[in-house]
$ cat run-v6.pdb   # PDB, C-alpha atoms and all ligand atoms
ATOM      1  CA  MET A  24     112.230  98.034 132.823
ATOM      2  CA  SER A  25     115.134  97.417 130.475
ATOM      3  CA  ASP A  26     115.358  93.768 131.455
ATOM      4  CA  LEU A  27     111.743  93.378 130.382
ATOM      5  CA  LYS A  28     112.411  94.849 127.008
ATOM      6  CA  PRO A  29     111.616  92.296 124.368
ATOM      7  CA  ALA A  30     113.254  91.476 121.154
ATOM      8  CA  ALA A  31     109.958  90.756 119.528
ATOM      9  CA  VAL A  32     110.420  89.452 116.043
ATOM     10  CA  TRP A  33     107.228  89.209 114.069
ATOM     11  CA  THR A  34     107.147  87.939 110.571
ATOM     12  CA  THR A  35     105.213  89.883 108.008
ATOM     13  CA  VAL A  36     103.774  87.328 105.669
ATOM     14  CA  ALA A  37     100.209  86.253 106.195
ATOM     15  CA  GLY A  38      99.847  82.511 106.470
ATOM     16  CA  SER A  39     103.298  81.878 107.888
ATOM     17  CA  ARG A  40     104.088  81.030 111.488
ATOM     18  CA  THR A  41     105.015  84.116 113.427
ATOM     19  CA  ASN A  42     107.637  83.978 116.133
ATOM     20  CA  VAL A  43     107.518  86.074 119.230
ATOM     21  CA  THR A  44     110.578  85.876 121.413
ATOM     22  CA  ASN A  45     111.416  87.037 124.898
ATOM     23  CA  VAL A  46     107.823  87.714 125.777
ATOM     24  CA  GLN A  47     106.995  87.608 129.452
ATOM     25  CA  PRO A  48     104.732  84.825 130.708
ATOM     26  CA  SER A  49     101.015  85.416 130.558
ATOM     27  CA  VAL A  50      99.382  86.864 133.630
ATOM     28  CA  SER A  51      96.394  85.294 135.268
ATOM     29  CA  ALA A  52      92.754  86.250 135.121
ATOM     30  CA  ALA A  53      93.153  87.579 138.659
ATOM     31  CA  ASP A  54      95.847  89.967 137.452
ATOM     32  CA  ILE A  55      93.492  91.279 134.827
ATOM     33  CA  LEU A  56      90.688  91.707 137.325
ATOM     34  CA  ILE A  57      92.940  93.545 139.767
ATOM     35  CA  SER A  58      94.303  95.616 136.911
ATOM     36  CA  SER A  59      90.828  96.558 135.768
ATOM     37  CA  VAL A  60      89.675  97.522 139.257
ATOM     38  CA  MET A  61      92.833  99.517 139.956
ATOM     39  CA  LYS A  62      92.422 101.356 136.709
ATOM     40  CA  LYS A  63      88.866 102.346 137.446
ATOM     41  CA  ILE A  64      89.730 103.563 140.917
ATOM     42  CA  LEU A  65      93.103 105.156 140.442
ATOM     43  CA  ARG A  66      93.623 106.226 136.881
ATOM     44  CA  PRO A  67      91.248 109.215 136.966
ATOM     45  CA  HIS A  68      93.291 110.573 139.864
ATOM     46  CA  ARG A  69      96.766 109.600 138.698
ATOM     47  CA  SER A  70      97.967 112.971 137.472
ATOM     48  CA  LEU A  71      96.515 114.714 140.519
ATOM     49  CA  MET A  72      98.125 112.226 142.872
ATOM     50  CA  ILE A  73     101.496 112.671 141.246
ATOM     51  CA  GLN A  74     101.283 116.415 141.654
ATOM     52  CA  ILE A  75     100.034 116.801 145.185
ATOM     53  CA  CYS A  76     100.409 113.640 147.135
ATOM     54  CA  PRO A  77     103.828 111.935 147.144
ATOM     55  CA  LYS A  78     102.618 109.287 149.576
ATOM     56  CA  HIS A  79     100.529 107.821 146.777
ATOM     57  CA  ARG A  80     103.571 107.111 144.654
ATOM     58  CA  PRO A  81     103.535 103.400 145.544
ATOM     59  CA  PHE A  82     100.107 103.209 143.967
ATOM     60  CA  ILE A  83     101.416 104.985 140.912
ATOM     61  CA  SER A  84     104.219 102.437 140.708
ATOM     62  CA  LEU A  85     101.661  99.684 141.009
ATOM     63  CA  LEU A  86      99.702 101.204 138.191
ATOM     64  CA  GLU A  87     102.798 101.321 136.041
ATOM     65  CA  PHE A  88     103.625  97.740 136.982
ATOM     66  CA  LEU A  89     100.175  96.566 136.087
ATOM     67  CA  ASN A  90     100.568  98.531 132.894
ATOM     68  CA  MET A  91      96.950  99.025 132.018
ATOM     69  CA  PRO A  92      96.488 100.266 128.505
ATOM     70  CA  LYS A  93      93.558 102.366 127.461
ATOM     71  CA  ILE A  94      94.400 102.021 123.783
ATOM     72  CA  ALA A  95      94.277  98.841 121.747
ATOM     73  CA  VAL A  96      95.694  98.258 118.301
ATOM     74  CA  ILE A  97      94.197  95.394 116.340
ATOM     75  CA  GLY A  98      96.467  94.305 113.549
ATOM     76  CA  GLY A  99      95.202  92.587 110.452
ATOM     77  CA  THR A 100      96.741  91.225 107.300
ATOM     78  CA  GLY A 101     100.329  92.428 107.047
ATOM     79  CA  ILE A 102     100.341  94.538 110.231
ATOM     80  CA  TYR A 103     102.676  92.081 111.849
ATOM     81  CA  ASN A 104     105.931  93.921 112.223
ATOM     82  CA  PRO A 105     105.682  96.646 114.838
ATOM     83  CA  ASP A 106     109.394  97.001 115.519
ATOM     84  CA  SER A 107     108.698  99.960 117.722
ATOM     85  CA  PHE A 108     106.406  97.958 119.985
ATOM     86  CA  GLU A 109     108.021  97.417 123.357
ATOM     87  CA  THR A 110     106.331  94.320 124.732
ATOM     88  CA  ILE A 111     106.179  94.161 128.517
ATOM     89  CA  LYS A 112     103.860  91.232 129.056
ATOM     90  CA  THR A 113     101.202  89.157 127.395
ATOM     91  CA  VAL A 114      97.763  88.100 128.543
ATOM     92  CA  PHE A 115      95.470  85.449 127.161
ATOM     93  CA  PRO A 116      92.255  85.858 129.114
ATOM     94  CA  ASP A 117      89.137  83.759 129.108
ATOM     95  CA  THR A 118      85.965  85.610 128.257
ATOM     96  CA  PRO A 119      82.299  84.581 128.223
ATOM     97  CA  TYR A 120      82.841  84.129 124.478
ATOM     98  CA  GLY A 121      85.987  82.041 124.628
ATOM     99  CA  LYS A 122      89.588  83.036 124.079
ATOM    100  CA  PRO A 123      90.575  85.991 121.897
ATOM    101  CA  SER A 124      92.338  85.404 118.591
ATOM    102  CA  ASP A 125      95.694  85.213 120.294
ATOM    103  CA  GLU A 126      97.625  86.405 123.294
ATOM    104  CA  ILE A 127      97.221  90.130 123.775
ATOM    105  CA  MET A 128     100.568  91.880 123.933
ATOM    106  CA  ILE A 129     100.768  94.762 126.325
ATOM    107  CA  GLY A 130     103.547  97.235 125.861
ATOM    108  CA  LYS A 131     104.381 100.638 124.555
ATOM    109  CA  ILE A 132     104.464 102.460 121.251
ATOM    110  CA  SER A 133     106.116 105.870 121.441
ATOM    111  CA  GLY A 134     105.880 105.607 125.215
ATOM    112  CA  VAL A 135     102.120 105.064 125.110
ATOM    113  CA  GLU A 136     100.603 102.031 126.783
ATOM    114  CA  VAL A 137      99.000  99.869 124.152
ATOM    115  CA  ALA A 138      97.406  96.444 123.946
ATOM    116  CA  PHE A 139      98.170  94.768 120.629
ATOM    117  CA  LEU A 140      96.095  91.924 119.269
ATOM    118  CA  PHE A 141      96.501  89.924 116.089
ATOM    119  CA  ARG A 142      93.004  89.810 114.633
ATOM    120  CA  HIS A 143      93.608  86.561 112.762
ATOM    121  CA  GLY A 144      96.036  85.117 115.307
ATOM    122  CA  ARG A 145      99.795  85.165 114.885
ATOM    123  CA  SER A 146      99.749  82.223 112.545
ATOM    124  CA  HIS A 147      96.808  83.709 110.647
ATOM    125  CA  ARG A 148      94.667  80.762 111.675
ATOM    126  CA  TYR A 149      91.307  82.552 111.787
ATOM    127  CA  PRO A 150      89.711  83.424 108.447
ATOM    128  CA  PRO A 151      87.487  86.529 108.509
ATOM    129  CA  SER A 152      84.298  84.556 109.204
ATOM    130  CA  SER A 153      85.854  82.713 112.154
ATOM    131  CA  VAL A 154      87.638  85.499 113.995
ATOM    132  CA  PRO A 155      86.375  85.477 117.599
ATOM    133  CA  TYR A 156      85.277  89.093 117.383
ATOM    134  CA  LYS A 157      83.207  89.042 120.567
ATOM    135  CA  ALA A 158      85.975  87.486 122.642
ATOM    136  CA  ASN A 159      88.468  89.979 121.213
ATOM    137  CA  MET A 160      86.426  93.047 122.011
ATOM    138  CA  TRP A 161      85.332  91.741 125.400
ATOM    139  CA  ALA A 162      88.917  90.976 126.393
ATOM    140  CA  LEU A 163      90.105  94.427 125.350
ATOM    141  CA  LYS A 164      87.275  96.045 127.275
ATOM    142  CA  GLU A 165      88.142  94.029 130.355
ATOM    143  CA  LEU A 166      91.744  95.119 130.053
ATOM    144  CA  GLY A 167      90.535  98.694 130.344
ATOM    145  CA  CYS A 168      90.855  99.733 126.709
ATOM    146  CA  GLU A 169      88.714 102.693 125.735
ATOM    147  CA  TYR A 170      90.112 103.322 122.264
ATOM    148  CA  ILE A 171      90.417 100.750 119.505
ATOM    149  CA  ILE A 172      92.637 101.442 116.505
ATOM    150  CA  SER A 173      92.009  98.813 113.872
ATOM    151  CA  ALA A 174      94.503  98.410 111.061
ATOM    152  CA  CYS A 175      93.443  96.467 108.017
ATOM    153  CA  ALA A 176      93.911  95.891 104.308
ATOM    154  CA  VAL A 177      91.135  96.752 101.874
ATOM    155  CA  GLY A 178      90.406  96.758  98.184
ATOM    156  CA  SER A 179      89.360  99.916  96.406
ATOM    157  CA  LEU A 180      85.995 100.375  94.714
ATOM    158  CA  GLN A 181      86.761 103.843  93.367
ATOM    159  CA  ILE A 182      89.588 104.977  91.138
ATOM    160  CA  GLU A 183      90.596 107.845  93.449
ATOM    161  CA  TYR A 184      91.298 105.422  96.305
ATOM    162  CA  ALA A 185      94.558 104.141  94.867
ATOM    163  CA  PRO A 186      96.670 101.198  96.050
ATOM    164  CA  GLY A 187      98.979 102.427  98.786
ATOM    165  CA  ASP A 188      96.524 105.075  99.995
ATOM    166  CA  LEU A 189      95.358 105.172 103.583
ATOM    167  CA  VAL A 190      91.618 105.398 104.193
ATOM    168  CA  ILE A 191      89.971 106.397 107.456
ATOM    169  CA  PRO A 192      86.402 105.307 106.752
ATOM    170  CA  THR A 193      83.395 107.050 108.250
ATOM    171  CA  GLN A 194      80.692 104.570 107.225
ATOM    172  CA  PHE A 195      80.235 100.888 106.587
ATOM    173  CA  ILE A 196      77.748  98.749 104.708
ATOM    174  CA  ASP A 197      77.357  95.203 105.928
ATOM    175  CA  PHE A 198      77.231  92.421 103.351
ATOM    176  CA  THR A 199      78.365  89.679 105.713
ATOM    177  CA  LYS A 200      76.090  86.683 106.178
ATOM    178  CA  LYS A 201      76.909  84.476 109.134
ATOM    179  CA  ARG A 202      78.604  86.314 111.959
ATOM    180  CA  ASP A 203      77.871  86.807 115.599
ATOM    181  CA  TYR A 204      76.865  90.441 115.570
ATOM    182  CA  THR A 205      75.894  91.431 119.084
ATOM    183  CA  PHE A 206      76.514  90.909 122.770
ATOM    184  CA  PHE A 207      72.751  91.110 123.304
ATOM    185  CA  ASP A 208      71.289  87.809 122.198
ATOM    186  CA  LYS A 209      68.961  87.567 125.172
ATOM    187  CA  LYS A 210      68.145  91.173 125.830
ATOM    188  CA  ILE A 211      66.514  93.591 123.450
ATOM    189  CA  VAL A 212      69.065  96.282 122.698
ATOM    190  CA  HIS A 213      68.894  98.331 119.499
ATOM    191  CA  ILE A 214      72.038 100.403 119.443
ATOM    192  CA  SER A 215      72.090 103.457 117.214
ATOM    193  CA  ILE A 216      75.167 103.712 114.996
ATOM    194  CA  PRO A 217      74.419 106.218 112.218
ATOM    195  CA  ASP A 218      78.092 107.221 112.422
ATOM    196  CA  PRO A 219      79.831 104.050 113.568
ATOM    197  CA  PHE A 220      83.388 105.390 113.785
ATOM    198  CA  CYS A 221      84.836 107.650 116.453
ATOM    199  CA  THR A 222      85.072 111.208 115.175
ATOM    200  CA  TYR A 223      87.744 112.026 117.754
ATOM    201  CA  LEU A 224      90.100 109.226 116.712
ATOM    202  CA  ASN A 225      89.386 109.830 113.033
ATOM    203  CA  ARG A 226      90.389 113.460 113.426
ATOM    204  CA  ILE A 227      93.636 112.576 115.213
ATOM    205  CA  PHE A 228      94.785 110.174 112.530
ATOM    206  CA  ASP A 229      93.608 112.399 109.710
ATOM    207  CA  ASP A 230      95.637 115.293 111.132
ATOM    208  CA  THR A 231      98.646 113.029 111.683
ATOM    209  CA  ALA A 232      98.488 111.624 108.160
ATOM    210  CA  GLU A 233      98.199 115.174 106.829
ATOM    211  CA  LYS A 234     101.307 116.251 108.706
ATOM    212  CA  MET A 235     103.165 113.155 107.486
ATOM    213  CA  GLY A 236     102.278 114.109 103.955
ATOM    214  CA  ILE A 237     100.949 110.686 103.021
ATOM    215  CA  ARG A 238      98.104 110.114 100.583
ATOM    216  CA  HIS A 239      95.032 109.517 102.669
ATOM    217  CA  HIS A 240      91.263 109.931 102.691
ATOM    218  CA  LEU A 241      89.128 110.842 105.667
ATOM    219  CA  GLY A 242      85.743 109.485 104.708
ATOM    220  CA  GLY A 243      84.404 106.685 102.639
ATOM    221  CA  ALA A 244      82.134 103.729 103.075
ATOM    222  CA  TYR A 245      83.676 100.353 103.830
ATOM    223  CA  VAL A 246      81.720  97.493 102.246
ATOM    224  CA  CYS A 247      82.229  94.420 104.403
ATOM    225  CA  ILE A 248      81.753  91.054 102.711
ATOM    226  CA  GLU A 249      81.769  87.575 104.159
ATOM    227  CA  GLY A 250      84.758  86.143 102.328
ATOM    228  CA  PRO A 251      87.057  84.361 102.399
ATOM    229  CA  ARG A 252      86.752  84.469  98.643
ATOM    230  CA  PHE A 253      87.143  87.750  96.838
ATOM    231  CA  SER A 254      84.151  89.169  94.945
ATOM    232  CA  THR A 255      83.097  88.135  91.490
ATOM    233  CA  ARG A 256      83.444  90.834  88.871
ATOM    234  CA  ALA A 257      79.680  91.386  88.874
ATOM    235  CA  GLU A 258      79.593  91.670  92.653
ATOM    236  CA  SER A 259      82.487  94.095  92.639
ATOM    237  CA  LYS A 260      80.739  96.296  90.078
ATOM    238  CA  MET A 261      77.615  96.212  92.232
ATOM    239  CA  PHE A 262      79.521  97.096  95.392
ATOM    240  CA  ARG A 263      80.968 100.112  93.566
ATOM    241  CA  GLN A 264      77.477 101.573  93.600
ATOM    242  CA  PHE A 265      77.424 101.438  97.392
ATOM    243  CA  GLY A 266      80.869 102.033  98.795
ATOM    244  CA  ASP A 267      84.435 103.172  98.361
ATOM    245  CA  ILE A 268      86.536 100.381  99.843
ATOM    246  CA  ILE A 269      85.908  96.692 100.463
ATOM    247  CA  GLY A 270      87.136  94.256 103.086
ATOM    248  CA  MET A 271      86.116  91.316 105.245
ATOM    249  CA  THR A 272      86.776  92.171 108.871
ATOM    250  CA  LEU A 273      85.202  95.450 109.919
ATOM    251  CA  VAL A 274      81.848  93.867 110.787
ATOM    252  CA  PRO A 275      81.059  93.041 113.537
ATOM    253  CA  GLU A 276      84.232  94.389 115.161
ATOM    254  CA  CYS A 277      83.176  98.002 114.751
ATOM    255  CA  GLN A 278      79.657  97.623 116.096
ATOM    256  CA  LEU A 279      80.739  95.420 119.000
ATOM    257  CA  ALA A 280      83.092  98.186 120.089
ATOM    258  CA  ARG A 281      80.163 100.600 120.094
ATOM    259  CA  GLU A 282      78.044  98.187 122.142
ATOM    260  CA  LEU A 283      80.803  98.212 124.756
ATOM    261  CA  GLY A 284      81.089 101.987 124.630
ATOM    262  CA  MET A 285      84.568 101.960 123.135
ATOM    263  CA  CYS A 286      85.828 104.421 120.529
ATOM    264  CA  TYR A 287      86.716 102.723 117.260
ATOM    265  CA  CYS A 288      88.724 103.900 114.285
ATOM    266  CA  SER A 289      89.875 102.006 111.217
ATOM    267  CA  LEU A 290      93.158 102.660 109.421
ATOM    268  CA  ALA A 291      92.627 100.904 106.122
ATOM    269  CA  THR A 292      95.423 100.481 103.612
ATOM    270  CA  VAL A 293      94.300 100.090 100.020
ATOM    271  CA  THR A 294      96.104  97.139  98.483
ATOM    272  CA  ASP A 295      94.339  96.725  95.125
ATOM    273  CA  TYR A 296      91.461  97.800  92.911
ATOM    274  CA  ASP A 297      89.275  94.781  93.630
ATOM    275  CA  MET A 298      87.712  92.833  90.781
ATOM    276  CA  TRP A 299      85.942  95.623  88.891
ATOM    277  CA  HIS A 300      89.342  96.830  87.658
ATOM    278  CA  GLU A 301      91.397  95.193  84.931
ATOM    279  CA  GLU A 302      93.860  93.406  87.206
ATOM    280  CA  ASP A 303      92.482  90.534  89.279
ATOM    281  CA  VAL A 304      93.199  90.416  93.004
ATOM    282  CA  SER A 305      95.305  87.765  94.694
ATOM    283  CA  ILE A 306      96.403  87.343  98.293
ATOM    284  CA  GLU A 307     100.008  87.745  97.113
ATOM    285  CA  MET A 308      99.143  91.177  95.739
ATOM    286  CA  VAL A 309      97.434  92.154  98.985
ATOM    287  CA  VAL A 310     100.357  91.067 101.166
ATOM    288  CA  LYS A 311     102.963  92.650  98.856
ATOM    289  CA  THR A 312     101.274  96.063  98.904
ATOM    290  CA  MET A 313     100.558  95.821 102.610
ATOM    291  CA  ASN A 314     104.198  95.093 103.350
ATOM    292  CA  GLU A 315     105.243  98.060 101.245
ATOM    293  CA  CYS A 316     102.894 100.261 103.275
ATOM    294  CA  LEU A 317     103.716  98.759 106.643
ATOM    295  CA  ALA A 318     106.286 101.370 107.651
ATOM    296  CA  LYS A 319     103.846 104.123 106.805
ATOM    297  CA  VAL A 320     101.068 102.684 108.964
ATOM    298  CA  LEU A 321     103.413 102.053 111.860
ATOM    299  CA  LYS A 322     104.769 105.595 111.654
ATOM    300  CA  LEU A 323     101.200 106.851 111.690
ATOM    301  CA  LEU A 324     100.596 104.893 114.892
ATOM    302  CA  GLU A 325     103.832 106.119 116.458
ATOM    303  CA  LEU A 326     102.923 109.721 115.798
ATOM    304  CA  GLY A 327      99.173 109.474 116.336
ATOM    305  CA  LEU A 328      98.869 107.407 119.501
ATOM    306  CA  PRO A 329     100.552 109.987 121.793
ATOM    307  CA  LYS A 330      97.921 112.519 120.735
ATOM    308  CA  ILE A 331      95.077 110.483 122.191
ATOM    309  CA  GLY A 332      93.861 112.101 125.367
ATOM    310  CA  LYS A 333      90.345 112.784 126.505
ATOM    311  CA  SER A 334      87.877 112.366 123.689
ATOM    312  CA  ASP A 335      85.150 114.827 122.809
ATOM    313  CA  CYS A 336      83.036 112.225 121.012
ATOM    314  CA  ASP A 337      79.760 110.621 122.029
ATOM    315  CA  CYS A 338      80.648 106.974 121.342
ATOM    316  CA  ILE A 339      79.933 105.853 124.876
ATOM    317  CA  GLU A 340      76.640 107.749 124.987
ATOM    318  CA  ALA A 341      75.121 105.535 122.284
ATOM    319  CA  ALA A 342      75.793 102.484 124.418
ATOM    320  CA  LYS A 343      74.335 104.127 127.509
ATOM    321  CA  GLU A 344      71.221 105.417 125.777
ATOM    322  CA  CYS A 345      70.171 102.025 124.462
ATOM    323  CA  GLY A 346      70.897 100.257 127.719
ATOM    324  CA  ALA A 347      73.955  98.406 126.466
ATOM    325  CA  LEU A 348      75.997  99.867 129.316
TER     326      LEU A 348
HETATM  327 ZN    ZN B 401      84.777 108.064 120.369
END
$ encode --input "run-v6.pdb" --output "structure tokens" --more "lines below"
Ligand SMILES: [Zn+2]
Amino acid sequence: MSDLKPAAVWTTVAGSRTNVTNVQPSVSAADILISSVMKKILRPHRSLMIQICPKHRPFISLLEFLNMPKIAVIGGTGIYNPDSFETIKTVFPDTPYGKPSDEIMIGKISGVEVAFLFRHGRSHRYPPSSVPYKANMWALKELGCEYIISACAVGSLQIEYAPGDLVIPTQFIDFTKKRDYTFFDKKIVHISIPDPFCTYLNRIFDDTAEKMGIRHHLGGAYVCIEGPRFSTRAESKMFRQFGDIIGMTLVPECQLARELGMCYCSLATVTDYDMWHEEDVSIEMVVKTMNECLAKVLKLLELGLPKIGKSDCDCIEAAKECGAL
């Protein structure tokens, strides 16, 4: 595999063109379909086959070649420099909802197969309202991803959530206005999401952050606004009555994951105190703080991703119960 090892160089400043070098050519839709089918058939038996049936090793090799990740990392503002990400190939699939934000990079972090997607595109071309959330989540589902780790930047609505802190939210409140919220436009499906985040993933990254000794908060309500503008001071003071952190991208990403039966966790880095505080927010401030925290978030991924095994959550049950799956 060493000849496939990339020298991926990703810039870290939002709004600038990002270069990705030595990435393998995209695979076709047929590759993805084969990959998905092979995963469903073979993955549940992979460890057993390795142990007791050497004749199945060619299939194991095929699985490794196809490199089917079950974990996806969605990177947002500033999460553009995963030096530890070993890119093996990229895919840019068509979905019923169009193309995803960008090519999906498939590779490894700490030896764990991961699909990495730039939420806003590499060149940051999609503002929060225009991100193709449905195409993104559909494509990741088709790739075989079961776990979604979403990294993002947020403002703080409470003094104890300080800039530089990591927040693993457990709730959200939706103040967006014009997004495409569901896969079920023509079928009546009312999914239940009283607790929209995966408790299993939340626990893994909370434990990992604890062991790393970084300031973090498990819990908190993420207020999602439409953007792209930041809040007025009056709005920010109002939002303080409802939530703990504020951002523009969680909705509908989080609920779409639940509709597809995927586990979803948000790793939110606090970059500022939003507009209720004395200092006004600027994109430069957000990017500066995010870059300062980048190494911390990436280390959290490096240490946390290998801990993901079989979940004990009920994320997929909600999708099954309402008929979404
Ligand atoms: Zn879950």
$ closest_residue --input "run-v6.pdb" --among "A:Gly167, A:Gly270, A:Pro329, A:Pro219" --to "ligand ZN 401 (chain B)" --atoms "all atoms listed in the file"
A:Pro219
$ resolve_selection --input "run-v6.pdb" --expression "the PyMOL selection byres (((chain A and resi 254) around 12) and not hetatm)" --output "count of residues only"
31
$ closest_residue --input "run-v6.pdb" --among "A:Ala162, A:Ala291, A:Met235, A:Ile94" --to "A:Val135" --atoms "all atoms listed in the file"
A:Ile94
$ residues_near_ligand --input "run-v6.pdb" --ligand "ligand ZN 401 (chain B)" --cutoff "10 Å" --atoms "all atoms listed in the file" --output "PyMOL selection string"
chain A and resi 169-171+219-225+281+284-288+333-340
$ resolve_selection --input "run-v6.pdb" --expression "the PyMOL selection byres (((chain A and resi 195) around 12) and not hetatm)" --output "ChimeraX atom specification"
/A:191-194,196-199,216-220,242-248,262,265-278,288-289
$ atom_distance --input "run-v6.pdb" --atom1 "atom CA of A:Leu348" --atom2 "atom CA of A:Ile129"
25.5 Å
$ atom_distance --input "run-v6.pdb" --atom1 "atom CA of A:Lys93" --atom2 "atom CA of A:Lys343"
19.3 Å
$ residues_around --input "run-v6.pdb" --residues "A:Val293" --least-positions-apart "6" --cutoff "10 Å" --atoms "all atoms listed in the file" --output "PyMOL selection string"
chain A and resi 175-180+184-190+239+268-270+309+312-313+316
$ closest_residue --input "run-v6.pdb" --among "A:Asp230, A:Glu344, A:Asp117, A:Glu307" --to "A:Met160" --atoms "only C-alpha atoms"
A:Asp117
$ closest_residue --input "run-v6.pdb" --among "A:Leu290, A:Ile127, A:Ala347, A:Leu321" --to "A:Ile227" --atoms "only C-alpha atoms"
A:Leu290
$ residues_around --input "run-v6.pdb" --residues "A:Gly121" --least-positions-apart "2" --cutoff "8 Å" --atoms "all atoms listed in the file" --output "list in words"
Asp117, Thr118, Pro119, Pro123, Pro155 and Ala158 of chain A
$ resolve_selection --input "run-v6.pdb" --expression "the PyMOL selection byres (((chain A and resi 97) around 8) and not hetatm)" --output "list in words"
Ala95, Val96, Gly98, Gly99, Phe139, Leu140, Phe141, Arg142, Ile171, Ile172, Ser173 and Ala174 of chain A
$ axis_aligned_box --input "run-v6.pdb" --around "stretch 150-165 of chain A" --padding-each-side "6 Å" --output "JSON"
{"center_x": 86.7, "center_y": 89.4, "center_z": 119.4, "size_x": 18.9, "size_y": 25.3, "size_z": 33.9}
